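Pasted below: protein.csv, CSV, C-alpha atoms.
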chain,number,residue,atom,x,y,z
A,56,MET,CA,-2.9,3.4,12.1
A,57,LYS,CA,-2.2,0.8,9.4
A,58,THR,CA,-5.0,2.0,7.3
A,59,SER,CA,-3.8,5.6,7.5
A,60,VAL,CA,-0.3,4.6,6.5
A,61,ARG,CA,-1.6,2.5,3.6
A,62,ARG,CA,-3.8,5.4,2.4
A,63,THR,CA,-1.0,7.8,2.5
A,64,LEU,CA,1.2,5.5,0.4
A,65,THR,CA,-1.6,4.9,-2.0
A,66,ALA,CA,-2.1,8.7,-2.5
A,67,ALA,CA,1.6,9.2,-2.9
A,68,ALA,CA,1.8,6.4,-5.5
A,69,ALA,CA,-1.2,7.9,-7.4
A,70,THR,CA,0.4,11.3,-7.4
A,71,THR,CA,3.8,10.0,-8.6
A,72,GLY,CA,2.1,8.0,-11.4
A,73,LEU,CA,0.3,11.1,-12.6
A,74,MET,CA,3.5,13.2,-12.6
A,75,GLY,CA,5.3,10.5,-14.5
A,76,LEU,CA,2.6,10.4,-17.3
A,77,GLY,CA,2.1,14.1,-17.4
A,78,LEU,CA,-1.5,13.6,-18.6
A,79,ALA,CA,-4.5,13.9,-16.2
A,80,GLY,CA,-6.7,12.1,-18.6
A,81,ALA,CA,-4.5,9.0,-18.7
A,82,ALA,CA,-4.7,8.6,-14.9
A,83,ALA,CA,-8.4,9.4,-14.7
A,84,HIS,CA,-9.6,5.9,-13.7
A,85,VAL,CA,-11.4,4.5,-10.8
A,86,THR,CA,-9.0,2.0,-9.2
A,87,ILE,CA,-9.2,-0.9,-6.8
A,88,THR,CA,-6.3,-1.9,-4.6
A,89,PRO,CA,-6.3,-5.2,-2.5
A,90,ASP,CA,-4.2,-5.8,0.5
A,91,THR,CA,-4.0,-9.4,-0.6
A,92,THR,CA,-4.9,-11.3,-3.7
A,93,ALA,CA,-4.5,-14.8,-2.3
A,94,ALA,CA,-7.3,-17.1,-3.4
A,95,GLY,CA,-9.6,-18.0,-0.5
A,96,SER,CA,-8.3,-15.3,1.8
A,97,HIS,CA,-10.1,-12.4,3.5
A,98,ALA,CA,-9.1,-9.2,1.6
A,99,LEU,CA,-9.5,-5.5,2.2
A,100,LEU,CA,-10.2,-3.8,-1.1
A,101,THR,CA,-9.7,0.0,-1.5
A,102,VAL,CA,-11.7,1.7,-4.2
A,103,SER,CA,-10.5,5.2,-5.0
A,104,PHE,CA,-11.0,8.1,-7.4
A,105,SER,CA,-9.5,11.6,-7.7
A,106,HIS,CA,-11.4,13.2,-10.6
A,107,ASP,CA,-14.8,14.3,-11.6
A,108,CYS,CA,-17.1,13.7,-14.6
A,109,GLU,CA,-15.7,16.2,-17.1
A,110,GLY,CA,-16.0,19.1,-14.7
A,111,SER,CA,-19.0,18.0,-12.6
A,112,PRO,CA,-18.3,17.0,-9.0
A,113,THR,CA,-18.8,13.4,-7.9
A,114,ASN,CA,-21.7,12.6,-5.6
A,115,LYS,CA,-22.3,8.9,-5.9
A,116,LEU,CA,-20.3,5.7,-6.4
A,117,THR,CA,-22.0,2.4,-7.1
A,118,ILE,CA,-19.6,-0.6,-6.8
A,119,SER,CA,-20.8,-3.9,-8.4
A,120,LEU,CA,-19.5,-7.1,-6.9
A,121,PRO,CA,-18.5,-10.0,-9.2
A,122,GLU,CA,-20.7,-13.1,-9.0
A,123,PRO,CA,-18.2,-15.3,-7.1
A,124,LEU,CA,-18.6,-12.9,-4.1
A,125,VAL,CA,-21.8,-13.1,-2.1
A,126,ASP,CA,-21.1,-10.5,0.6
A,127,ALA,CA,-19.0,-7.5,1.5
A,128,LYS,CA,-18.5,-5.4,4.6
A,129,PRO,CA,-18.2,-1.7,3.4
A,130,GLU,CA,-16.4,1.0,5.4
A,131,ILE,CA,-18.4,3.7,7.0
A,132,VAL,CA,-16.9,6.9,5.5
A,133,PRO,CA,-17.5,10.3,7.1
A,134,GLY,CA,-19.5,12.6,4.8
A,135,TRP,CA,-21.0,9.6,2.9
A,136,THR,CA,-24.0,7.3,3.4
A,137,VAL,CA,-23.5,3.6,2.4
A,138,GLU,CA,-26.0,1.0,1.4
A,139,LYS,CA,-25.7,-2.8,0.7
A,140,VAL,CA,-28.0,-3.8,-2.2
A,141,THR,CA,-29.0,-7.4,-2.2
A,142,GLU,CA,-30.3,-9.5,-5.1
A,143,ALA,CA,-32.0,-12.8,-5.4
A,144,LEU,CA,-30.2,-15.6,-7.2
A,145,ASP,CA,-31.8,-17.5,-10.0
A,146,GLU,CA,-30.5,-20.7,-8.5
A,147,PRO,CA,-29.0,-21.4,-5.0
A,148,LEU,CA,-25.3,-21.0,-5.0
A,149,THR,CA,-23.0,-23.4,-3.2
A,150,LEU,CA,-20.1,-21.7,-1.5
A,151,ASP,CA,-16.6,-23.1,-1.1
A,152,ASN,CA,-17.4,-24.1,2.5
A,153,GLY,CA,-20.3,-26.2,1.3
A,154,SER,CA,-23.1,-23.9,2.5
A,155,SER,CA,-25.9,-22.7,0.1
A,156,VAL,CA,-27.2,-19.2,-0.4
A,157,THR,CA,-30.2,-17.9,-2.3
A,158,GLU,CA,-29.3,-14.2,-2.4
A,159,ARG,CA,-26.1,-12.1,-2.5
A,160,VAL,CA,-24.9,-8.5,-2.1
A,161,GLY,CA,-24.7,-7.3,-5.6
A,162,GLN,CA,-23.8,-3.7,-5.1
A,163,ILE,CA,-22.3,-1.3,-2.5
A,164,VAL,CA,-23.6,2.3,-3.0
A,165,TYR,CA,-21.9,5.3,-1.5
A,166,THR,CA,-23.7,8.7,-1.7
A,167,ALA,CA,-21.9,12.0,-0.8
A,168,GLU,CA,-23.4,14.6,1.5
A,169,THR,CA,-21.1,17.1,-0.2
A,170,PRO,CA,-20.0,16.4,-3.8
A,171,VAL,CA,-16.3,15.8,-4.3
A,172,GLU,CA,-14.5,18.3,-6.7
A,173,ASP,CA,-11.9,17.2,-9.2
A,174,GLY,CA,-8.4,16.7,-7.9
A,175,TYR,CA,-9.4,15.4,-4.4
A,176,LEU,CA,-8.6,11.8,-3.5
A,177,GLN,CA,-11.5,9.8,-2.1
A,178,GLN,CA,-11.2,6.2,-0.9
A,179,PHE,CA,-13.6,3.5,0.3
A,180,ASP,CA,-12.6,0.2,2.0
A,181,MET,CA,-14.6,-3.0,1.9
A,182,SER,CA,-13.8,-6.4,3.4
A,183,VAL,CA,-14.6,-9.5,1.2
A,184,GLN,CA,-13.9,-13.3,1.2
A,185,LEU,CA,-12.1,-14.1,-2.0
A,186,PRO,CA,-13.1,-17.3,-3.8
A,187,GLU,CA,-10.9,-20.4,-4.1
A,188,SER,CA,-10.1,-19.9,-7.7
A,189,GLU,CA,-6.4,-19.1,-8.3
A,190,GLY,CA,-5.7,-17.3,-11.6
A,191,GLU,CA,-9.2,-15.9,-12.0
A,192,THR,CA,-9.6,-12.2,-12.7
A,193,LEU,CA,-12.5,-10.5,-10.8
A,194,ALA,CA,-14.0,-7.3,-12.2
A,195,PHE,CA,-15.6,-4.6,-10.1
A,196,PRO,CA,-17.6,-2.3,-12.4
A,197,VAL,CA,-18.1,1.2,-10.8
A,198,LEU,CA,-20.7,3.7,-11.8
A,199,GLN,CA,-19.5,7.2,-10.9
A,200,GLY,CA,-22.4,9.5,-10.5
A,201,CYS,CA,-21.9,13.3,-10.7
A,202,VAL,CA,-24.0,16.4,-10.2
A,203,GLU,CA,-24.3,16.4,-14.0
A,204,GLY,CA,-23.8,13.2,-15.9
A,205,GLU,CA,-22.0,9.9,-14.9
A,206,THR,CA,-19.2,7.6,-16.0
A,207,ASP,CA,-19.7,3.9,-16.1
A,208,TRP,CA,-16.3,2.2,-15.4
A,209,ALA,CA,-17.4,-1.2,-16.7
A,210,GLU,CA,-15.4,-2.0,-19.8
A,211,ILE,CA,-13.7,-5.5,-19.8
A,212,PRO,CA,-10.7,-6.0,-22.0
A,213,ALA,CA,-10.8,-8.8,-24.6
A,214,GLU,CA,-8.3,-11.6,-24.2
A,215,GLY,CA,-4.8,-10.1,-24.9
A,216,GLU,CA,-6.1,-6.5,-24.9
A,217,ASP,CA,-4.4,-3.9,-22.8
A,218,PRO,CA,-6.9,-2.5,-20.3
A,219,HIS,CA,-5.1,0.8,-20.3
A,220,GLY,CA,-6.2,1.4,-23.8
A,221,LEU,CA,-9.9,1.3,-22.8
A,222,GLU,CA,-11.8,4.5,-22.3
A,223,ALA,CA,-13.6,3.4,-19.1
A,224,PRO,CA,-12.1,0.1,-17.8
A,225,ALA,CA,-13.6,-1.7,-14.9
A,226,PRO,CA,-11.3,-2.1,-11.8
A,227,THR,CA,-10.0,-5.7,-11.6
A,228,ILE,CA,-7.9,-8.0,-9.4
A,229,THR,CA,-6.3,-11.3,-10.3
A,230,LEU,CA,-6.3,-14.0,-7.7
A,231,THR,CA,-3.0,-15.6,-6.8
A,232,GLY,CA,-1.7,-18.5,-4.7
A,233,ALA,CA,-0.9,-18.1,-1.1
A,234,GLU,CA,2.8,-18.7,-1.8
A,235,GLU,CA,2.9,-16.0,-4.5
A,236,ASP,CA,1.0,-13.5,-2.4
A,237,GLY,CA,3.4,-13.8,0.6
A,238,HIS,CA,0.6,-13.3,3.2
A,239,ALA,CA,0.0,-15.8,5.9
A,240,GLU,CA,-2.8,-15.7,8.5
A,241,THR,CA,-1.7,-16.7,12.0
A,242,ALA,CA,-3.9,-17.4,15.0
A,243,GLY,CA,-2.7,-16.6,18.6
A,244,GLU,CA,0.7,-15.5,19.4
A,245,ILE,CA,3.5,-15.4,16.8
A,246,GLU,CA,6.6,-17.4,17.9
A,247,PRO,CA,10.0,-15.8,17.0
A,248,PRO,CA,12.4,-17.7,14.7
A,249,ALA,CA,14.6,-20.3,16.3
A,250,GLY,CA,17.7,-18.0,16.4
A,251,GLU,CA,15.7,-15.2,18.0
A,252,ALA,CA,14.2,-17.6,20.5
A,253,ASP,CA,17.6,-18.8,21.5
A,254,LEU,CA,18.8,-15.2,21.9
A,255,GLU,CA,15.8,-14.3,24.0
A,256,SER,CA,16.3,-17.4,26.2
A,257,ALA,CA,20.0,-16.6,26.7
A,258,SER,CA,19.1,-13.0,27.5
A,259,ALA,CA,16.5,-14.1,30.1
A,260,SER,CA,19.0,-16.5,31.6
A,261,ASN,CA,21.7,-13.8,31.8
A,262,ASP,CA,19.2,-11.4,33.4
A,263,SER,CA,18.3,-14.0,36.0
A,264,SER,CA,21.9,-14.8,36.7
A,265,GLY,CA,22.7,-11.1,37.0
A,266,ALA,CA,19.9,-10.5,39.4
A,267,SER,CA,21.1,-13.4,41.6
A,268,THR,CA,24.6,-12.1,41.6
A,269,VAL,CA,23.5,-8.6,42.6
A,270,GLY,CA,21.5,-10.2,45.4
A,271,TYR,CA,24.5,-12.2,46.8
A,272,VAL,CA,26.7,-9.1,46.6
A,273,GLY,CA,24.2,-7.1,48.6
A,274,LEU,CA,23.9,-9.8,51.2
A,275,ALA,CA,27.7,-10.0,51.6
A,276,ALA,CA,28.0,-6.3,52.0
A,277,GLY,CA,25.3,-6.3,54.7
A,278,LEU,CA,27.1,-9.0,56.6
A,279,LEU,CA,30.4,-7.2,56.4
A,280,GLY,CA,28.8,-4.0,57.7
A,281,LEU,CA,27.2,-6.0,60.6
A,282,ILE,CA,30.6,-7.5,61.5
A,283,ALA,CA,32.3,-4.1,61.4
A,284,GLY,CA,29.7,-2.7,63.7
A,285,VAL,CA,30.2,-5.5,66.2
A,286,ILE,CA,34.0,-5.0,66.2
A,287,ALA,CA,33.6,-1.3,66.7
A,288,LEU,CA,31.3,-1.9,69.6
A,289,LEU,CA,33.7,-4.4,71.3
A,290,ARG,CA,36.6,-1.9,70.9
A,291,THR,CA,34.6,0.8,72.5
A,292,ARG,CA,33.7,-1.3,75.5
A,293,ASN,CA,37.4,-2.5,76.0
A,294,ALA,CA,38.6,1.1,75.9
A,295,LYS,CA,36.1,2.1,78.7
A,296,SER,CA,37.3,-0.9,80.8

Represent the structure of the file as structure tokens.
Amino acid sequence: MKTSVRRTLTAAAATTGLMGLGLAGAAAHVTITPDTTAAGSHALLTVSFSHDCEGSPTNKLTISLPEPLVDAKPEIVPGWTVEKVTEALDEPLTLDNGSSVTERVGQIVYTAETPVEDGYLQQFDMSVQLPESEGETLAFPVLQGCVEGETDWAEIPAEGEDPHGLEAPAPTITLTGAEEDGHAETAGEIEPPAGEADLESASASNDSSGASTVGYVGLAAGLLGLIAGVIALLRTRNAKS
């Protein structure tokens, strides 16, 4: 459900941006949207496109992972096959957790069963472990293959250069600190704030007191009924006597 809502919002945002610019060419980029950019966190990255290669439908998307990443878990998308392409490292790489690896996933390749025409939004999710390097910008070059031709979204802006001025910029994300990102991972149950906890405790106490009061009232009513029945019985016997 969350994924569906997020995708709907992403599509709406893309449409709004296109209307605001009024130029299809200016919005014709492959984009990447993270659900978090906090360094060291697990992130869900959404790669999307909504255009073709100058009139030719898209049938393949090759997403290259930046070197700090060693693995990715790609989404299985209906109508597309997906492949993880591994590569051997020249030298073993030591991860943030101290472990060492000799190979990494270098690319995620999606191939369409039916090519996607221009003007249709297509998205792919993949889960990754972001490195512990706050402030670093990670680039994810994407090769968009089409029935005829291809577009290599791999241009990296020079320092101080506006990436929007590039013809085929690579999608990027910049890692932030946990405080700036505003996301926090919590294990187990989430305890409510102190004020809410007090309210819940008071509510539970009131509910318990209310239930007890109702029980006592019911018991008293039953006793009164029993007494009334006994009195009526005694009066009946006295009248017969």

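Residues in contact with Ser119 of chain A at 9 Å, where all atoms listed in the file are counted and same-chain residues fewer than 5 positions away are skipped, are listed as Val160, Gly161, Gln162, Ile163, Val164, Ala194, Phe195, Pro196, Val197 and Leu198 of chain A.
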
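In this structure, atom CA of Arg159 of chain A sits 22.4 Å away from atom CA of Thr88 of chain A.
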
For a quick check of your reading of the model, name the residues lying within 8 Å of the coordinate (-12.7, -16.7, -0.8), counting all atoms listed in the file, and write them as a PyMOL selection string. chain A and resi 94-97+124+151+183-187

Once you add 4 Å to each side, what are the centre and edge lengths of the axis-aligned box holding all listed atoms of segment 191-196 of chain A? One decimal in Å, as AutoDock Vina command-line options, if you can.
--center_x -13.4 --center_y -9.1 --center_z -11.4 --size_x 16.4 --size_y 21.6 --size_z 10.6

All residues 10 Å or closer to Ile131 of chain A, all atoms listed in the file, same chain fewer than 2 positions away omitted, as a PyMOL selection string: chain A and resi 128-129+133-138+165+179-181

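You can rank A:Thr231, A:Pro147, A:Gln178, A:Glu210 by their closest distance to Val132 of chain A using only C-alpha atoms, and at the top of that list sits A:Gln178.
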
What does the distance between atom CA of Val102 of chain A and atom CA of Leu150 of chain A come to in Å, to one decimal place? 25.0 Å

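Within 10 Å of the file-frame point (-17.5, 14.8, -10.3), and using all atoms listed in the file, the polymer residues found are Phe104, Ser105, His106, Asp107, Cys108, Glu109, Gly110, Ser111, Pro112, Thr113, Asn114, Lys115, Pro170, Val171, Glu172, Asp173, Gly174, Gln199, Gly200, Cys201, Val202, Glu203, Gly204, Glu205 and Thr206 of chain A.
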
Please compute the atom CA of Thr92 of chain A-atom CA of Leu230 of chain A distance, one decimal, in Å. 5.0 Å

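Between Ala225 of chain A and the residues A:Pro121, A:Gln177, A:Leu148, A:Ala98, the shortest atom-to-atom distance, using all atoms listed in the file, involves A:Pro121.
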
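Proximity of A:Val140, A:Glu189, A:Asn152, A:Leu99 to Ala233 of chain A, computed with only C-alpha atoms, is greatest for A:Glu189.
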